[in-house]
Every structure is written in C-alpha cells, then in structure tokens.
Amino acid sequence: MATELLYLENYTQLEGESKVAEVSEIDGRAVVILDGTIFYPQGGGQPYDKGIIESPTSKFVVEEVRFVDGIVRHIGNFENGTFKTGETVKLLIDRDRRTLNSKLHSAGHLVDMAVTDLKLGWVPGKGYHFPEGPYVEYEGNLEGRDTEKLKTDLETACNAHITEALETKVMFMEKDKMAEVCHFVPDFIPEGKPGRVVMFGYFGVPCGGTHVTNLSELKHVTIRKIKQEGPNVRVGYDVTVY
C-alpha cells in the first residue's frame, strides 16, 4: 500500500500521528513504513527530514527518509523497543533542519522568479537546495553579460519579492494543466506522487518540496556567484538565517 504523503498539503506540519504498516531491517538498519507521513523523503534537490517516531514504549530515531515505488521508508535505529504493525505512533520532525531546508528550497524558486523578471531567456534545469552551497542551473549562456551586474540585478529582484511578502500556497492538478499557472513545466515530472504546483503569489512552479508560508520569511537572499558550466548557467545563492 502506498504511503500517504501528508507533507504535500501540510508542508509546515512538524508533529503528527500515523499508524505503523511495517517494521523491517535493511543492511543492519531498521526501516519503518507508515500508512502516512509528514517526513519529507529526499528528492527534488531537497534533503530528507530527520526526527523521531515514538510510541509510549518505543523510540525510533529517523536518520534518513527515502521514497521508493510509492512507499516512504524511514531509516534509522530504535533507541528502545520496537513498533507493532497497526500501532499508532507520534511523528516529530527536526524543526531546525526542516526550516532551513524549506527556506533554501523556496529561495531557489525565488531565483527562478528573478530570472523570469529579467527576461534572460534561460531554461530552468536542476536545483540543489542543500545547505552546502545551494544553486540552481539553467540551460543558457553568459555571452556578453557583465556577471557582476547580473548578480546585483538578480539579487535586487529576489529581495524585491521578499519585500512584497508574497504568500505561498499549493495546488494539485494534472501535468497538462500546469502550464496554465506555471512559467515553465519540465518534460519529466516524477511518477507516483500527486501533481503539485507551488504558488509564490502569482508565480507557479511544479514542485513536491516543503516551503516557507510567505516569502518574507526568507529575510534576505544573496547571489553568491554566477558561472558557466558547459551548456548551463549555474546561479549560487544563500539565505540569511537569523
């Protein structure tokens, strides 16, 4: 049975309850499968959540979360006890880790907004929204551009949208409808998950990640560097965390 991906709609939920579907072991590590989860499994350029799953008699430390064939696997170790199939357990997300990852992911899409504002003509590619050097890539080139001025212009555009305090909301739809609200829809959208679009005010992006509820939460975005990587342009960015 596929895991219900509760985080897709309730992407700011940090605590919840679920029922245990299965407990197993892979390569010496415990694996807990639930009927539904608020834990984000790594994907879309965003790291997995960490945290705790517990019952009155057992505590499981979640060290890694993966999505495979419709099922979310919570991987880690039991500090004590174990779970029984059908048992109701409490889920607790590592708040600081989730908050940082959500800010970095939202900031990556904010860079997309700025690139669109400046009409650079670049085609969105992959995003790397990890704390260790986040960046977004675009199919395009820097020929004839003053990269220092471009950095400044992109940063100014990003922070203007933060000042606008645009609210975030999610919409669920089929892929063929996404172009009605998104500036760009990739040819490949992962299978096994509901079609989801994240709206930052008027700006839509197909995305299954977690985000801030309002762009004002980002405080300030810095464009760290812009460079050509083969046929792509890589834009490195940072978020002020305080």
# chains A, B, ... in the order shown; residues from 1 in each chain; ligands from 1
$ residues_around --residues "range 234-242 of chain A" --least-positions-apart "4" --cutoff "7 Å" --atoms "only C-alpha atoms" --output "ChimeraX atom specification"
/A:104,133-138,218-229
$ write_last_selection --atoms "N, CA, C and O atoms" --output "CSV table (one decimal), in the first residue's frame"
chain,number,residue,atom,x,y,z
A,104,LEU,N,15.8,27.3,2.0
A,104,LEU,CA,16.7,27.1,0.8
A,104,LEU,C,15.9,26.7,-0.4
A,104,LEU,O,16.2,27.2,-1.5
A,133,GLY,N,26.3,24.9,-0.2
A,133,GLY,CA,26.4,25.5,-1.5
A,133,GLY,C,25.2,25.4,-2.4
A,133,GLY,O,25.3,24.8,-3.5
A,134,PRO,N,24.0,25.9,-2.0
A,134,PRO,CA,22.8,25.8,-2.8
A,134,PRO,C,23.0,26.5,-4.2
A,134,PRO,O,23.6,27.6,-4.2
A,135,TYR,N,22.4,26.0,-5.2
A,135,TYR,CA,22.4,26.6,-6.5
A,135,TYR,C,21.3,26.1,-7.4
A,135,TYR,O,20.6,25.1,-7.1
A,136,VAL,N,21.0,26.9,-8.4
A,136,VAL,CA,20.0,26.5,-9.5
A,136,VAL,C,20.8,26.6,-10.8
A,136,VAL,O,21.6,27.4,-11.0
A,137,GLU,N,20.4,25.7,-11.7
A,137,GLU,CA,21.0,25.7,-13.1
A,137,GLU,C,20.0,25.9,-14.2
A,137,GLU,O,18.8,25.6,-14.0
A,138,TYR,N,20.5,26.6,-15.2
A,138,TYR,CA,19.6,26.9,-16.4
A,138,TYR,C,20.4,26.6,-17.7
A,138,TYR,O,21.6,26.7,-17.7
A,218,LEU,N,12.1,34.7,4.3
A,218,LEU,CA,13.4,34.5,3.8
A,218,LEU,C,14.4,35.6,4.2
A,218,LEU,O,15.6,35.5,4.1
A,219,LYS,N,13.8,36.7,4.6
A,219,LYS,CA,14.6,37.9,5.1
A,219,LYS,C,15.5,38.5,4.0
A,219,LYS,O,15.2,39.6,3.6
A,220,HIS,N,16.5,37.8,3.5
A,220,HIS,CA,17.4,38.3,2.5
A,220,HIS,C,18.0,37.2,1.8
A,220,HIS,O,18.5,36.2,2.4
A,221,VAL,N,18.1,37.3,0.5
A,221,VAL,CA,18.8,36.3,-0.4
A,221,VAL,C,20.0,37.0,-1.0
A,221,VAL,O,19.9,38.2,-1.5
A,222,THR,N,21.1,36.3,-1.0
A,222,THR,CA,22.3,36.8,-1.7
A,222,THR,C,22.7,35.9,-2.8
A,222,THR,O,22.6,34.7,-2.7
A,223,ILE,N,23.0,36.5,-4.0
A,223,ILE,CA,23.5,35.7,-5.1
A,223,ILE,C,25.0,35.6,-4.9
A,223,ILE,O,25.7,36.6,-5.0
A,224,ARG,N,25.4,34.4,-4.7
A,224,ARG,CA,26.8,34.1,-4.3
A,224,ARG,C,27.7,34.2,-5.5
A,224,ARG,O,28.8,34.8,-5.5
A,225,LYS,N,27.3,33.6,-6.6
A,225,LYS,CA,28.1,33.6,-7.8
A,225,LYS,C,27.3,33.1,-9.0
A,225,LYS,O,26.3,32.4,-8.8
A,226,ILE,N,27.7,33.5,-10.2
A,226,ILE,CA,27.1,33.0,-11.4
A,226,ILE,C,28.3,32.6,-12.3
A,226,ILE,O,29.2,33.3,-12.5
A,227,LYS,N,28.1,31.4,-12.9
A,227,LYS,CA,29.2,30.9,-13.7
A,227,LYS,C,28.7,29.9,-14.8
A,227,LYS,O,27.6,29.3,-14.6
A,228,GLN,N,29.4,29.8,-15.9
A,228,GLN,CA,29.0,28.9,-17.0
A,228,GLN,C,29.5,27.5,-16.6
A,228,GLN,O,30.7,27.4,-16.3
A,229,GLU,N,28.7,26.5,-16.7
A,229,GLU,CA,29.0,25.1,-16.5
A,229,GLU,C,28.6,24.4,-17.8
A,229,GLU,O,27.5,23.9,-17.9
$ residues_around --residues "range 95-102 of chain A" --least-positions-apart "3" --cutoff "12 Å" --atoms "only C-alpha atoms" --output "ChimeraX atom specification"
/A:7,11-15,38-52,63,91-92,105-109,128-132,134,168,208-215,217-218,238-242
$ residues_around --residues "range 64-79 of chain A" --least-positions-apart "5" --cutoff "10 Å" --atoms "only C-alpha atoms" --output "PyMOL selection string"
chain A and resi 1-5+22-26+28-37+39-43+47-54+58-59+191-193
$ select_by_dssp --residues "chain A" --states "strand (DSSP E)" --output "PyMOL selection string"
chain A and resi 4-5+15-26+29-34+36-37+51-54+59-68+71-80+88-93+123-128+135-139+168-172+196-200+203-206+221-229+232-239
$ write_last_selection --atoms "C-alpha atoms" --output "short mmCIF file (atom, residue, chain, number, x, y, z; two decimals), in the first residue's frame"
data_model
loop_
_atom_site.label_atom_id
_atom_site.label_comp_id
_atom_site.auth_asym_id
_atom_site.auth_seq_id
_atom_site.Cartn_x
_atom_site.Cartn_y
_atom_site.Cartn_z
CA GLU A 4 0.02 8.87 2.08
CA LEU A 5 2.28 11.89 1.59
CA GLU A 15 4.18 16.93 14.56
CA GLY A 16 1.54 14.33 13.85
CA GLU A 17 0.33 10.77 14.25
CA SER A 18 0.32 7.78 11.95
CA LYS A 19 -0.06 4.01 12.02
CA VAL A 20 2.77 1.54 11.55
CA ALA A 21 2.44 -0.53 8.38
CA GLU A 22 5.69 -2.47 8.63
CA VAL A 23 8.98 -2.69 10.50
CA SER A 24 11.94 -4.38 8.81
CA GLU A 25 15.71 -4.23 8.52
CA ILE A 26 17.98 -3.43 5.56
CA ARG A 29 19.46 -0.56 9.83
CA ALA A 30 15.84 -0.50 10.93
CA VAL A 31 13.19 0.61 8.42
CA VAL A 32 9.76 1.85 9.50
CA ILE A 33 6.92 2.19 6.99
CA LEU A 34 3.82 4.15 7.97
CA GLY A 36 1.06 8.22 6.08
CA THR A 37 3.97 10.54 6.83
CA GLY A 51 13.45 13.42 13.63
CA ILE A 52 11.74 10.99 15.98
CA ILE A 53 8.94 8.43 15.74
CA GLU A 54 7.73 7.21 19.11
CA LYS A 59 11.54 5.44 20.35
CA PHE A 60 12.86 5.39 16.78
CA VAL A 61 15.44 7.91 15.56
CA VAL A 62 14.88 8.81 11.90
CA GLU A 63 18.25 9.32 10.23
CA GLU A 64 17.21 9.11 6.57
CA VAL A 65 13.96 9.14 4.57
CA ARG A 66 13.57 7.72 1.05
CA PHE A 67 10.68 7.37 -1.41
CA VAL A 68 10.72 4.15 -3.46
CA ILE A 71 6.44 3.89 -0.31
CA VAL A 72 8.30 6.14 2.13
CA ARG A 73 10.99 4.36 4.11
CA HIS A 74 12.02 5.89 7.42
CA ILE A 75 15.52 4.58 8.06
CA GLY A 76 17.35 4.72 11.38
CA ASN A 77 17.55 2.93 14.70
CA PHE A 78 15.45 2.12 17.74
CA GLU A 79 16.77 3.64 20.96
CA ASN A 80 14.45 1.29 22.80
CA THR A 88 -0.39 4.43 16.38
CA VAL A 89 2.84 6.40 16.74
CA LYS A 90 3.78 10.06 17.13
CA LEU A 91 5.92 11.79 14.50
CA LEU A 92 8.28 14.63 15.43
CA ILE A 93 10.25 16.48 12.73
CA VAL A 123 15.50 27.38 -19.42
CA PRO A 124 15.21 26.08 -15.82
CA GLY A 125 17.11 22.89 -15.05
CA LYS A 126 18.08 21.27 -11.79
CA GLY A 127 18.17 22.76 -8.34
CA TYR A 128 20.45 21.88 -5.46
CA TYR A 135 22.41 26.64 -6.53
CA VAL A 136 20.04 26.46 -9.49
CA GLU A 137 21.04 25.68 -13.07
CA TYR A 138 19.63 26.89 -16.36
CA GLU A 139 20.17 25.96 -19.96
CA THR A 168 2.75 30.57 -0.63
CA LYS A 169 0.01 28.10 -1.46
CA VAL A 170 -0.20 24.70 -3.12
CA MET A 171 -2.45 23.43 -5.91
CA PHE A 172 -2.96 19.87 -7.12
CA ARG A 196 1.51 19.56 -7.32
CA VAL A 197 2.21 23.21 -8.06
CA VAL A 198 3.62 25.64 -5.50
CA MET A 199 2.43 29.22 -5.97
CA PHE A 200 4.52 32.13 -4.69
CA PHE A 203 4.32 32.66 -9.75
CA GLY A 204 3.75 28.90 -10.09
CA VAL A 205 6.34 26.10 -10.05
CA PRO A 206 5.76 22.32 -10.32
CA VAL A 221 18.79 36.35 -0.39
CA THR A 222 22.33 36.81 -1.66
CA ILE A 223 23.50 35.75 -5.12
CA ARG A 224 26.83 34.15 -4.30
CA LYS A 225 28.13 33.59 -7.83
CA ILE A 226 27.12 33.04 -11.43
CA LYS A 227 29.21 30.90 -13.74
CA GLN A 228 29.04 28.94 -16.97
CA GLU A 229 29.04 25.14 -16.53
CA ASN A 232 24.38 25.62 -18.44
CA VAL A 233 24.49 28.69 -16.24
CA ARG A 234 24.77 27.96 -12.52
CA VAL A 235 23.49 30.54 -10.06
CA GLY A 236 24.72 30.05 -6.48
CA TYR A 237 22.69 31.69 -3.74
CA ASP A 238 22.46 31.94 0.05
CA VAL A 239 19.71 32.79 2.52
#
$ atom_distance --atom1 "CA of Trp122 in chain A" --atom2 "CA of Gly140 in chain A"
5.0 Å
$ closest_residue --among "A:His183, A:Leu8, A:Gly86, A:Ser216" --to "Thr163 in chain A" --atoms "only C-alpha atoms"
A:Ser216
$ select_by_dssp --residues "range 138-190 of chain A" --states "helix (DSSP H, G or I)" --output "list in words"
Thr147, Glu148, Lys149, Leu150, Lys151, Thr152, Asp153, Leu154, Glu155, Thr156, Ala157, Cys158, Asn159, Ala160, His161, Ile162, Thr163, Glu164, Lys175, Asp176, Lys177, Met178, Ala179 and Glu180 of chain A
$ atom_distance --atom1 "CA of Leu150 in chain A" --atom2 "CA of Glu167 in chain A"
26.3 Å
$ decode --residues "range 194-206 of chain A" --atoms "all heavy atoms" --output "JSON list (two decimals), in the first residue's frame"
[["chain", "number", "residue", "atom", "x", "y", "z"],
["A", 194, "PRO", "N", 1.13, 12.83, -6.37],
["A", 194, "PRO", "CA", 0.14, 13.72, -6.98],
["A", 194, "PRO", "C", 0.81, 14.89, -7.69],
["A", 194, "PRO", "O", 1.86, 15.36, -7.25],
["A", 194, "PRO", "CB", -0.68, 14.20, -5.77],
["A", 194, "PRO", "CG", -0.44, 13.19, -4.70],
["A", 194, "PRO", "CD", 0.96, 12.70, -4.92],
["A", 195, "GLY", "N", 0.21, 15.35, -8.79],
["A", 195, "GLY", "CA", 0.73, 16.53, -9.47],
["A", 195, "GLY", "C", 0.52, 17.76, -8.60],
["A", 195, "GLY", "O", -0.61, 18.07, -8.21],
["A", 196, "ARG", "N", 1.59, 18.45, -8.28],
["A", 196, "ARG", "CA", 1.51, 19.56, -7.32],
["A", 196, "ARG", "C", 2.25, 20.78, -7.85],
["A", 196, "ARG", "O", 3.35, 20.67, -8.38],
["A", 196, "ARG", "CB", 2.13, 19.12, -6.00],
["A", 196, "ARG", "CG", 2.16, 20.16, -4.87],
["A", 196, "ARG", "CD", 2.71, 19.46, -3.65],
["A", 196, "ARG", "NE", 2.83, 20.26, -2.46],
["A", 196, "ARG", "CZ", 3.98, 20.74, -1.99],
["A", 196, "ARG", "NH1", 5.11, 20.55, -2.65],
["A", 196, "ARG", "NH2", 4.01, 21.42, -0.86],
["A", 197, "VAL", "N", 1.61, 21.93, -7.69],
["A", 197, "VAL", "CA", 2.21, 23.21, -8.06],
["A", 197, "VAL", "C", 2.29, 24.08, -6.82],
["A", 197, "VAL", "O", 1.34, 24.17, -6.04],
["A", 197, "VAL", "CB", 1.37, 23.92, -9.14],
["A", 197, "VAL", "CG1", 1.85, 25.36, -9.34],
["A", 197, "VAL", "CG2", 1.44, 23.16, -10.46],
["A", 198, "VAL", "N", 3.45, 24.70, -6.61],
["A", 198, "VAL", "CA", 3.62, 25.64, -5.50],
["A", 198, "VAL", "C", 3.51, 27.04, -6.09],
["A", 198, "VAL", "O", 4.21, 27.38, -7.05],
["A", 198, "VAL", "CB", 4.97, 25.45, -4.80],
["A", 198, "VAL", "CG1", 5.15, 26.47, -3.69],
["A", 198, "VAL", "CG2", 5.08, 24.04, -4.23],
["A", 199, "MET", "N", 2.64, 27.85, -5.52],
["A", 199, "MET", "CA", 2.43, 29.22, -5.97],
["A", 199, "MET", "C", 3.05, 30.19, -4.98],
["A", 199, "MET", "O", 2.76, 30.15, -3.78],
["A", 199, "MET", "CB", 0.93, 29.53, -6.09],
["A", 199, "MET", "CG", 0.15, 28.64, -7.04],
["A", 199, "MET", "SD", 0.60, 28.86, -8.78],
["A", 199, "MET", "CE", 0.21, 30.60, -9.02],
["A", 200, "PHE", "N", 3.97, 31.04, -5.48],
["A", 200, "PHE", "CA", 4.52, 32.13, -4.69],
["A", 200, "PHE", "C", 3.83, 33.39, -5.20],
["A", 200, "PHE", "O", 4.29, 34.02, -6.16],
["A", 200, "PHE", "CB", 6.02, 32.21, -4.87],
["A", 200, "PHE", "CG", 6.75, 30.97, -4.42],
["A", 200, "PHE", "CD1", 7.04, 29.96, -5.33],
["A", 200, "PHE", "CD2", 7.10, 30.79, -3.09],
["A", 200, "PHE", "CE1", 7.70, 28.81, -4.93],
["A", 200, "PHE", "CE2", 7.76, 29.63, -2.68],
["A", 200, "PHE", "CZ", 8.06, 28.64, -3.60],
["A", 201, "GLY", "N", 2.71, 33.72, -4.57],
["A", 201, "GLY", "CA", 1.89, 34.80, -5.11],
["A", 201, "GLY", "C", 1.33, 34.38, -6.45],
["A", 201, "GLY", "O", 0.59, 33.40, -6.55],
["A", 202, "TYR", "N", 1.75, 35.05, -7.51],
["A", 202, "TYR", "CA", 1.27, 34.79, -8.86],
["A", 202, "TYR", "C", 2.18, 33.83, -9.63],
["A", 202, "TYR", "O", 1.90, 33.49, -10.78],
["A", 202, "TYR", "CB", 1.21, 36.11, -9.64],
["A", 202, "TYR", "CG", 2.52, 36.88, -9.58],
["A", 202, "TYR", "CD1", 3.56, 36.60, -10.45],
["A", 202, "TYR", "CD2", 2.72, 37.85, -8.61],
["A", 202, "TYR", "CE1", 4.78, 37.27, -10.37],
["A", 202, "TYR", "CE2", 3.93, 38.53, -8.52],
["A", 202, "TYR", "CZ", 4.94, 38.24, -9.39],
["A", 202, "TYR", "OH", 6.14, 38.89, -9.31],
["A", 203, "PHE", "N", 3.28, 33.40, -9.04],
["A", 203, "PHE", "CA", 4.32, 32.66, -9.75],
["A", 203, "PHE", "C", 4.24, 31.18, -9.38],
["A", 203, "PHE", "O", 4.45, 30.81, -8.22],
["A", 203, "PHE", "CB", 5.69, 33.22, -9.38],
["A", 203, "PHE", "CG", 6.84, 32.69, -10.21],
["A", 203, "PHE", "CD1", 7.14, 33.26, -11.44],
["A", 203, "PHE", "CD2", 7.63, 31.65, -9.75],
["A", 203, "PHE", "CE1", 8.21, 32.80, -12.20],
["A", 203, "PHE", "CE2", 8.70, 31.19, -10.49],
["A", 203, "PHE", "CZ", 8.99, 31.76, -11.73],
["A", 204, "GLY", "N", 3.93, 30.32, -10.36],
["A", 204, "GLY", "CA", 3.75, 28.90, -10.09],
["A", 204, "GLY", "C", 4.93, 28.05, -10.54],
["A", 204, "GLY", "O", 5.53, 28.31, -11.59],
["A", 205, "VAL", "N", 5.25, 27.03, -9.75],
["A", 205, "VAL", "CA", 6.34, 26.10, -10.05],
["A", 205, "VAL", "C", 5.90, 24.67, -9.73],
["A", 205, "VAL", "O", 5.43, 24.41, -8.61],
["A", 205, "VAL", "CB", 7.59, 26.42, -9.20],
["A", 205, "VAL", "CG1", 8.74, 25.49, -9.57],
["A", 205, "VAL", "CG2", 8.02, 27.87, -9.37],
["A", 206, "PRO", "N", 6.03, 23.72, -10.67],
["A", 206, "PRO", "CA", 5.76, 22.32, -10.32],
["A", 206, "PRO", "C", 6.78, 21.87, -9.29],
["A", 206, "PRO", "O", 7.99, 21.95, -9.52],
["A", 206, "PRO", "CB", 5.95, 21.57, -11.65],
["A", 206, "PRO", "CG", 5.86, 22.62, -12.71],
["A", 206, "PRO", "CD", 6.41, 23.86, -12.09]]
